[in-house]
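Engineer: What follows is work_9.cif, mmCIF, C-alpha atoms.
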```
data_data
#
loop_
_atom_site.label_atom_id
_atom_site.label_comp_id
_atom_site.auth_asym_id
_atom_site.auth_seq_id
_atom_site.Cartn_x
_atom_site.Cartn_y
_atom_site.Cartn_z
CA MET A 1 32.22 1.01 -66.56
CA LEU A 2 32.79 4.38 -68.22
CA ALA A 3 32.06 2.88 -71.63
CA SER A 4 28.81 1.38 -70.36
CA ARG A 5 27.81 4.72 -68.86
CA PHE A 6 28.56 6.43 -72.17
CA LEU A 7 26.38 3.91 -74.04
CA LEU A 8 23.55 4.41 -71.55
CA GLY A 9 23.86 8.17 -72.08
CA CYS A 10 23.60 7.69 -75.86
CA TRP A 11 20.52 5.49 -75.47
CA LEU A 12 18.88 7.99 -73.12
CA ALA A 13 19.55 10.83 -75.57
CA LEU A 14 18.15 8.71 -78.40
CA ALA A 15 14.99 7.97 -76.41
CA VAL A 16 14.50 11.64 -75.51
CA LEU A 17 15.07 12.72 -79.12
CA SER A 18 12.58 10.10 -80.32
CA LEU A 19 9.95 11.41 -77.91
CA ALA A 20 10.76 14.98 -78.96
CA THR A 21 10.39 14.02 -82.63
CA VAL A 22 6.85 12.74 -82.06
CA GLY A 23 6.04 15.75 -79.86
CA LEU A 24 7.25 18.19 -82.51
CA ALA A 25 5.32 16.38 -85.24
CA GLN A 26 2.10 16.67 -83.25
CA GLY A 27 2.79 20.36 -82.69
CA ALA A 28 2.90 20.95 -86.46
CA VAL A 29 6.54 22.03 -86.41
CA SER A 30 8.38 22.30 -89.76
CA SER A 31 9.76 19.14 -91.34
CA GLY A 32 13.25 20.64 -91.08
CA ALA A 33 13.25 20.42 -87.26
CA ILE A 34 12.08 16.80 -87.34
CA LEU A 35 14.74 15.88 -89.89
CA LEU A 36 17.38 17.64 -87.81
CA LEU A 37 16.46 15.45 -84.85
CA ALA A 38 16.75 12.39 -87.12
CA VAL A 39 20.28 13.47 -88.07
CA LEU A 40 21.16 13.96 -84.39
CA LYS A 41 19.93 10.43 -83.66
CA ALA A 42 21.94 9.08 -86.59
CA TRP A 43 25.01 10.86 -85.18
CA LEU A 44 24.48 9.24 -81.76
CA ILE A 45 24.23 5.81 -83.37
CA THR A 46 27.29 6.18 -85.62
CA ASP A 47 29.55 7.85 -83.08
CA GLY A 48 28.17 6.17 -79.96
CA PHE A 49 26.91 2.68 -80.76
CA MET A 50 29.03 2.06 -83.89
CA GLU A 51 32.07 3.63 -82.18
CA LEU A 52 33.08 5.68 -85.20
CA ARG A 53 34.20 8.46 -82.86
CA HIS A 54 37.30 6.26 -82.45
CA GLY A 55 37.33 5.18 -86.09
CA PRO A 56 39.04 6.55 -89.20
CA TRP A 57 37.64 9.98 -90.03
CA ARG A 58 36.75 9.02 -93.62
CA TRP A 59 34.36 6.32 -92.45
CA ARG A 60 32.95 8.63 -89.81
CA VAL A 61 32.29 11.36 -92.39
CA LEU A 62 30.80 8.82 -94.81
CA LEU A 63 28.29 7.47 -92.29
CA LEU A 64 27.38 10.89 -90.93
CA ALA A 65 27.01 12.22 -94.48
CA TRP A 66 24.58 9.40 -95.30
CA ALA A 67 22.09 10.68 -92.74
CA GLY A 68 22.88 14.38 -93.26
CA VAL A 69 22.66 14.42 -97.06
CA LEU A 70 19.63 12.13 -97.06
CA ALA A 71 17.78 14.38 -94.58
CA LEU A 72 18.75 17.44 -96.62
CA VAL A 73 17.48 15.99 -99.89
CA VAL A 74 14.29 14.70 -98.23
CA GLY A 75 13.73 18.14 -96.65
CA ILE A 76 14.25 19.93 -99.97
CA SER A 77 11.94 17.58 -101.87
CA LEU A 78 9.21 17.90 -99.24
CA ASN A 79 9.43 21.68 -99.28
CA LEU A 80 9.40 21.86 -103.07
CA ARG A 81 5.79 20.67 -103.18
CA GLY A 82 4.46 24.12 -102.33
CA MET B 83 56.12 9.95 -82.17
CA SER B 84 54.39 8.08 -79.40
CA THR B 85 51.41 10.42 -79.68
CA SER B 86 51.02 9.74 -83.39
CA LEU B 87 51.34 6.00 -82.77
CA GLU B 88 48.63 6.22 -80.12
CA THR B 89 46.42 8.11 -82.55
CA VAL B 90 46.88 5.43 -85.20
CA ALA B 91 46.19 2.73 -82.61
CA THR B 92 42.98 4.33 -81.33
CA ARG B 93 41.64 5.19 -84.81
CA ARG B 94 40.54 1.60 -85.32
CA LEU B 95 37.58 0.62 -87.43
CA PRO B 96 35.55 -1.84 -85.33
CA GLY B 97 34.63 -5.10 -87.05
CA ASP B 98 35.68 -6.33 -90.49
CA LEU B 99 36.17 -4.03 -93.47
CA ALA B 100 33.89 -6.34 -95.50
CA MET B 101 31.04 -5.63 -93.07
CA TRP B 102 31.52 -1.87 -93.47
CA LEU B 103 31.42 -2.20 -97.26
CA PHE B 104 28.28 -4.30 -96.94
CA ILE B 105 26.75 -1.66 -94.65
CA LEU B 106 27.55 1.05 -97.21
CA ALA B 107 25.86 -0.99 -99.95
CA GLU B 108 22.79 -1.53 -97.75
CA LEU B 109 22.61 2.15 -96.81
CA SER B 110 22.76 3.09 -100.52
CA VAL B 111 19.78 0.86 -101.30
CA PHE B 112 17.80 2.28 -98.36
CA ALA B 113 18.72 5.81 -99.43
CA LEU B 114 17.20 5.19 -102.87
CA LEU B 115 13.99 3.82 -101.33
CA ILE B 116 13.76 6.70 -98.85
CA LEU B 117 14.29 9.25 -101.62
CA ALA B 118 11.65 7.54 -103.76
CA PHE B 119 9.22 7.83 -100.84
CA ALA B 120 10.04 11.53 -100.25
CA VAL B 121 9.83 12.52 -103.92
CA THR B 122 6.50 10.71 -104.37
CA GLN B 123 5.20 12.43 -101.24
CA ALA B 124 6.18 15.78 -102.77
CA LEU B 125 4.18 14.86 -105.89
CA LYS B 126 1.11 13.57 -103.99
CA PRO B 127 1.02 15.44 -100.65
CA GLN B 128 -2.73 15.06 -100.01
CA LEU B 129 -2.72 11.32 -100.65
CA PHE B 130 0.28 10.83 -98.36
CA ALA B 131 -1.20 13.01 -95.59
CA ALA B 132 -4.52 11.13 -95.69
CA SER B 133 -2.85 7.70 -95.82
CA ARG B 134 -0.47 8.54 -92.99
CA GLN B 135 -3.47 9.21 -90.75
CA LEU B 136 -4.15 5.48 -90.89
CA LEU B 137 -0.82 4.71 -89.20
CA ASP B 138 -0.45 4.81 -85.42
CA THR B 139 2.37 7.16 -84.39
CA SER B 140 2.62 5.72 -80.88
CA THR B 141 3.19 2.25 -82.34
CA GLY B 142 5.95 3.72 -84.48
CA LEU B 143 7.49 5.34 -81.40
CA ALA B 144 7.31 2.07 -79.45
CA MET B 145 9.04 0.28 -82.34
CA THR B 146 11.75 2.95 -82.33
CA LEU B 147 12.38 2.52 -78.61
CA SER B 148 12.43 -1.26 -78.99
CA LEU B 149 15.05 -1.18 -81.77
CA LEU B 150 17.22 1.40 -79.98
CA SER B 151 17.06 -0.54 -76.69
CA ALA B 152 18.14 -3.72 -78.48
CA GLY B 153 21.00 -1.69 -79.98
CA LEU B 154 22.07 -0.54 -76.50
CA LEU B 155 22.02 -4.11 -75.18
CA ALA B 156 24.05 -5.34 -78.17
CA ALA B 157 26.60 -2.56 -77.62
CA LEU B 158 26.81 -3.44 -73.91
CA ALA B 159 27.32 -7.10 -74.87
CA GLN B 160 30.24 -5.99 -77.04
CA GLN B 161 31.81 -4.28 -74.02
CA ARG B 162 31.46 -7.48 -72.00
CA VAL B 163 33.17 -9.53 -74.73
CA ARG B 164 36.09 -7.09 -74.64
CA GLN B 165 36.22 -7.55 -70.86
CA ALA B 166 36.38 -11.35 -71.31
CA ARG B 167 32.90 -11.86 -69.87
CA PRO B 168 31.19 -13.93 -72.61
CA GLY B 169 28.53 -15.25 -70.24
CA GLN B 170 27.26 -11.75 -69.47
CA ALA B 171 27.51 -10.88 -73.16
CA ALA B 172 25.31 -13.85 -74.09
CA LEU B 173 22.76 -12.80 -71.47
CA LEU B 174 22.69 -9.22 -72.81
CA LEU B 175 22.25 -10.51 -76.36
CA LEU B 176 19.31 -12.66 -75.27
CA LEU B 177 17.80 -9.58 -73.63
CA ALA B 178 18.39 -7.65 -76.87
CA LEU B 179 16.54 -10.40 -78.74
CA LEU B 180 13.67 -10.23 -76.28
CA VAL B 181 13.42 -6.46 -76.71
CA ALA B 182 13.66 -6.83 -80.51
CA CYS B 183 10.72 -9.25 -80.33
CA GLY B 184 8.73 -6.22 -79.12
CA TYR B 185 9.40 -4.54 -82.46
CA LEU B 186 8.54 -7.76 -84.27
CA GLY B 187 5.19 -8.10 -82.47
CA LEU B 188 4.27 -4.46 -82.99
CA LYS B 189 5.20 -4.50 -86.67
CA LEU B 190 3.33 -7.73 -87.36
CA GLY B 191 0.32 -6.30 -85.48
CA GLU B 192 0.46 -3.17 -87.62
CA TYR B 193 0.74 -5.20 -90.81
CA ARG B 194 -2.21 -7.40 -89.77
CA HIS B 195 -4.30 -4.33 -88.91
CA LEU B 196 -3.56 -2.64 -92.25
CA LEU B 197 -4.33 -5.80 -94.19
CA SER B 198 -7.64 -6.21 -92.33
CA LEU B 199 -8.54 -2.69 -93.54
CA GLY B 200 -7.65 -3.64 -97.12
CA LEU B 201 -4.60 -1.37 -97.11
CA GLY B 202 -2.28 -3.76 -98.93
CA LEU B 203 0.56 -3.21 -101.35
CA GLU B 204 -1.76 -2.22 -104.20
CA HIS B 205 -4.13 0.08 -102.26
CA ASN B 206 -2.43 3.33 -103.30
CA THR B 207 1.05 4.79 -103.93
CA PHE B 208 1.64 5.57 -100.25
CA PHE B 209 0.97 2.02 -99.15
CA THR B 210 2.96 0.54 -102.05
CA LEU B 211 5.99 2.49 -100.87
CA TYR B 212 5.15 1.89 -97.19
CA TRP B 213 5.10 -1.90 -97.67
CA ILE B 214 8.27 -1.95 -99.78
CA LEU B 215 10.24 0.35 -97.46
CA THR B 216 9.12 -1.00 -94.09
CA GLY B 217 8.98 -4.59 -95.38
CA PHE B 218 12.56 -4.38 -96.61
CA HIS B 219 13.60 -2.97 -93.23
CA PHE B 220 11.60 -5.66 -91.42
CA LEU B 221 13.53 -8.36 -93.30
CA HIS B 222 16.76 -6.70 -92.17
CA VAL B 223 15.57 -6.78 -88.55
CA LEU B 224 14.85 -10.50 -88.90
CA LEU B 225 18.35 -11.11 -90.27
CA GLY B 226 19.77 -8.94 -87.48
CA MET B 227 17.98 -11.08 -84.90
CA LEU B 228 19.40 -14.26 -86.44
CA ILE B 229 22.85 -12.68 -86.21
CA LEU B 230 22.26 -11.84 -82.52
CA VAL B 231 21.29 -15.51 -81.91
CA TRP B 232 24.48 -16.59 -83.67
CA LEU B 233 26.57 -14.20 -81.58
CA ALA B 234 24.91 -15.31 -78.33
CA GLU B 235 25.65 -18.94 -79.21
CA GLY B 236 29.25 -17.94 -79.99
CA CYS B 237 29.55 -16.30 -76.58
CA ARG B 238 28.13 -19.40 -74.91
CA ARG B 239 30.80 -21.49 -76.66
CA ARG B 240 33.44 -18.88 -75.71
CA ARG B 241 34.26 -18.26 -79.36
CA TYR B 242 34.80 -14.53 -78.74
CA GLY B 243 37.19 -12.75 -76.41
CA PRO B 244 39.22 -9.56 -76.00
CA GLY B 245 41.72 -10.64 -78.67
CA ASN B 246 39.15 -12.17 -80.95
CA CYS B 247 36.10 -9.96 -81.21
CA SER B 248 36.20 -8.67 -84.79
CA GLY B 249 33.49 -11.10 -85.94
CA PHE B 250 31.37 -10.18 -82.93
CA GLU B 251 31.79 -6.46 -83.67
CA SER B 252 30.74 -7.03 -87.29
CA GLY B 253 27.54 -8.75 -86.19
CA VAL B 254 26.68 -5.98 -83.74
CA LEU B 255 27.45 -3.35 -86.40
CA TYR B 256 24.80 -4.92 -88.62
CA TRP B 257 22.21 -4.36 -85.89
CA HIS B 258 23.28 -0.73 -85.48
CA MET B 259 22.89 -0.26 -89.25
CA VAL B 260 19.28 -1.45 -88.92
CA ASP B 261 18.79 1.15 -86.15
CA LEU B 262 20.45 3.86 -88.25
CA VAL B 263 18.07 3.27 -91.15
CA TRP B 264 15.04 3.25 -88.83
CA VAL B 265 15.77 6.66 -87.24
CA VAL B 266 15.49 8.22 -90.73
CA LEU B 267 12.69 5.96 -91.93
CA PHE B 268 10.42 6.45 -88.90
CA PRO B 269 9.83 10.23 -89.19
CA LEU B 270 9.51 10.03 -92.97
CA VAL B 271 6.85 7.30 -92.97
CA TYR B 272 4.96 8.12 -89.76
CA LEU B 273 5.39 11.82 -89.09
CA LEU B 274 6.38 14.13 -91.94
CA GLY B 275 3.09 15.26 -93.39
#
```
Transcribe the structure of this file into structure tokens.

Structural biologist:
Amino acid sequence: MLASRFLLGCWLALAVLSLATVGLAQGAVSSGAILLLAVLKAWLITDGFMELRHGPWRWRVLLLAWAGVLALVVGISLNLRG
Amino acid sequence: MSTSLETVATRRLPGDLAMWLFILAELSVFALLILAFAVTQALKPQLFAASRQLLDTSTGLAMTLSLLSAGLLAALAQQRVRQARPGQAALLLLLALLVACGYLGLKLGEYRHLLSLGLGLEHNTFFTLYWILTGFHFLHVLLGMLILVWLAEGCRRRRYGPGNCSGFESGVLYWHMVDLVWVVLFPLVYLLG
């Protein structure tokens, strides 16, 4: 029951963050804020849905780093254009 | 001593190690495609901004919610398998499939619309990368749906249970990987102008 409630909480947070992402994009907010929300969503999926919060820390770091480093590199490349 | 044993016991990697290695390989390929998209956008910002206007953000948002909802239902099904309730798990997986069909319908509608406007693979650099990136992801969603069907059938045949759910976890992990890629892909393709 607790686990189901936790999963529902993750899904709700993911839905709210997705709506916020679109809202921020329409408000012409910097790409950094939108990418940060993407990383937060990735964190909810890896730790919540994929259950890496209970998993070995190396795998947890690896999966979180995938989203974090990718967002960082994407953010840098998009901001280099100016 | 007992505390350290408990820690070791709880620090369990769900699913099979082979599936995690496969997920890492898949994520590496997607990372390369995503970086190619971002770097090309940096080189051609006007083209990408103009082309992105032709995509519908609300459709992208609906697809996001569809994929994430299917992910929730798959995760809930996993809980039911661990509680020795395979019937409920099968039902949740069928619901996940139904919700995932929403993504499928929306994506196919978007593809049809773009093709009717002549915005195919060779229209410009944005759409070349759009079709490669989203098409590759689309194929992964299709495979994920086949896996969910397989898992639902396994639940119906009572193949999975509390002591035998590693294969089930691996299948569900694949779906979560598809979700993970989408949450990065969606803002990059639809929003970041």

Engineer: Identify all chain A residues at most 9 Å from chain B by counting all atoms listed in the file; ligands do not count. Present them as a compact mmCIF listing (two decimals) with C-alpha atoms, in the coordinates of the input.

Structural biologist:
```txt
# COMPACT_ATOMS: atom_id res chain seq x y z
CA ALA A 3 32.06 2.88 -71.63
CA SER A 4 28.81 1.38 -70.36
CA LEU A 7 26.38 3.91 -74.04
CA LEU A 8 23.55 4.41 -71.55
CA CYS A 10 23.60 7.69 -75.86
CA TRP A 11 20.52 5.49 -75.47
CA LEU A 14 18.15 8.71 -78.40
CA ALA A 15 14.99 7.97 -76.41
CA SER A 18 12.58 10.10 -80.32
CA LEU A 19 9.95 11.41 -77.91
CA THR A 21 10.39 14.02 -82.63
CA VAL A 22 6.85 12.74 -82.06
CA ALA A 25 5.32 16.38 -85.24
CA GLN A 26 2.10 16.67 -83.25
CA ALA A 28 2.90 20.95 -86.46
CA SER A 30 8.38 22.30 -89.76
CA SER A 31 9.76 19.14 -91.34
CA ILE A 34 12.08 16.80 -87.34
CA LEU A 35 14.74 15.88 -89.89
CA ALA A 38 16.75 12.39 -87.12
CA VAL A 39 20.28 13.47 -88.07
CA LYS A 41 19.93 10.43 -83.66
CA ALA A 42 21.94 9.08 -86.59
CA TRP A 43 25.01 10.86 -85.18
CA ILE A 45 24.23 5.81 -83.37
CA THR A 46 27.29 6.18 -85.62
CA PHE A 49 26.91 2.68 -80.76
CA MET A 50 29.03 2.06 -83.89
CA GLU A 51 32.07 3.63 -82.18
CA LEU A 52 33.08 5.68 -85.20
CA ARG A 53 34.20 8.46 -82.86
CA HIS A 54 37.30 6.26 -82.45
CA GLY A 55 37.33 5.18 -86.09
CA PRO A 56 39.04 6.55 -89.20
CA TRP A 57 37.64 9.98 -90.03
CA TRP A 59 34.36 6.32 -92.45
CA LEU A 62 30.80 8.82 -94.81
CA LEU A 63 28.29 7.47 -92.29
CA TRP A 66 24.58 9.40 -95.30
CA ALA A 67 22.09 10.68 -92.74
CA LEU A 70 19.63 12.13 -97.06
CA ALA A 71 17.78 14.38 -94.58
CA VAL A 73 17.48 15.99 -99.89
CA VAL A 74 14.29 14.70 -98.23
CA GLY A 75 13.73 18.14 -96.65
CA SER A 77 11.94 17.58 -101.87
CA LEU A 78 9.21 17.90 -99.24
CA ASN A 79 9.43 21.68 -99.28
CA LEU A 80 9.40 21.86 -103.07
CA ARG A 81 5.79 20.67 -103.18
CA GLY A 82 4.46 24.12 -102.33
```

Engineer: Report, in Å with one decimal, the straight-line distance from atom CA of Leu175 of chain B to atom CA of Val231 of chain B.

Structural biologist: 7.5 Å

Engineer: Just to confirm, what's the straight-line distance from atom CA of Leu188 of chain B to atom CA of Asp47 of chain A in Å (one decimal)?

Structural biologist: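 The value is 28.1 Å.
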
Engineer: Give me, please, the distance in Å between atom CA of Leu137 of chain B and atom CA of Leu199 of chain B, quoted to one decimal.

Structural biologist: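 Computed distance, atom CA of Leu137 of chain B to atom CA of Leu199 of chain B, equals 11.5 Å.
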
Engineer: Go through A:Gly27, A:Gly9, A:Gly48, A:Gly32 and flag the residue nearest Leu72 of chain A, using only C-alpha atoms for the distances.

Structural biologist: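 The shortest atom-to-atom distance to Leu72 of chain A comes from A:Gly32.
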
Engineer: Apply the PyMOL selection byres ((chain B and resi 186) around 12) to the file shown and report the selected residues as a PyMOL selection string.

Structural biologist: chain B and resi 141-142+144-146+148-149+152+179-185+187-193+216-217+219-227

Engineer: Would you please work out which residue, of B:Ser248, B:Ser133, B:Gln165, B:Gln160, is nearest to Phe209 of chain B when using all atoms listed in the file?

Structural biologist: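 The answer is B:Ser133, which sits nearest to Phe209 of chain B.
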
Engineer: Enclose segment 73-82 of chain A, meaning all of its atoms listed in the file, in a box aligned along x, y and z, pad it by 8 Å on each side, and list the centre and edge lengths in Å to one decimal, as JSON.

Structural biologist:
```
{"center_x": 11.0, "center_y": 19.4, "center_z": -99.9, "size_x": 29.0, "size_y": 25.4, "size_z": 22.5}
```

Engineer: Translate the PyMOL selection byres ((chain B and resi 242) around 10), as applied to the file shown, into an explicit residue set as number ranges by chain.

Structural biologist: B: 160, 163-164, 166-168, 171, 233-234, 236-241, 243-251

Engineer: Please return, as an NGL selection string, all polymer residues that have at least one atom within 7 Å of the point (-0.6, 5.7, -96.2); use only C-alpha atoms and the file's own coordinate frame.

Structural biologist: :B and (130 or 132-134 or 136 or 208-209 or 212)
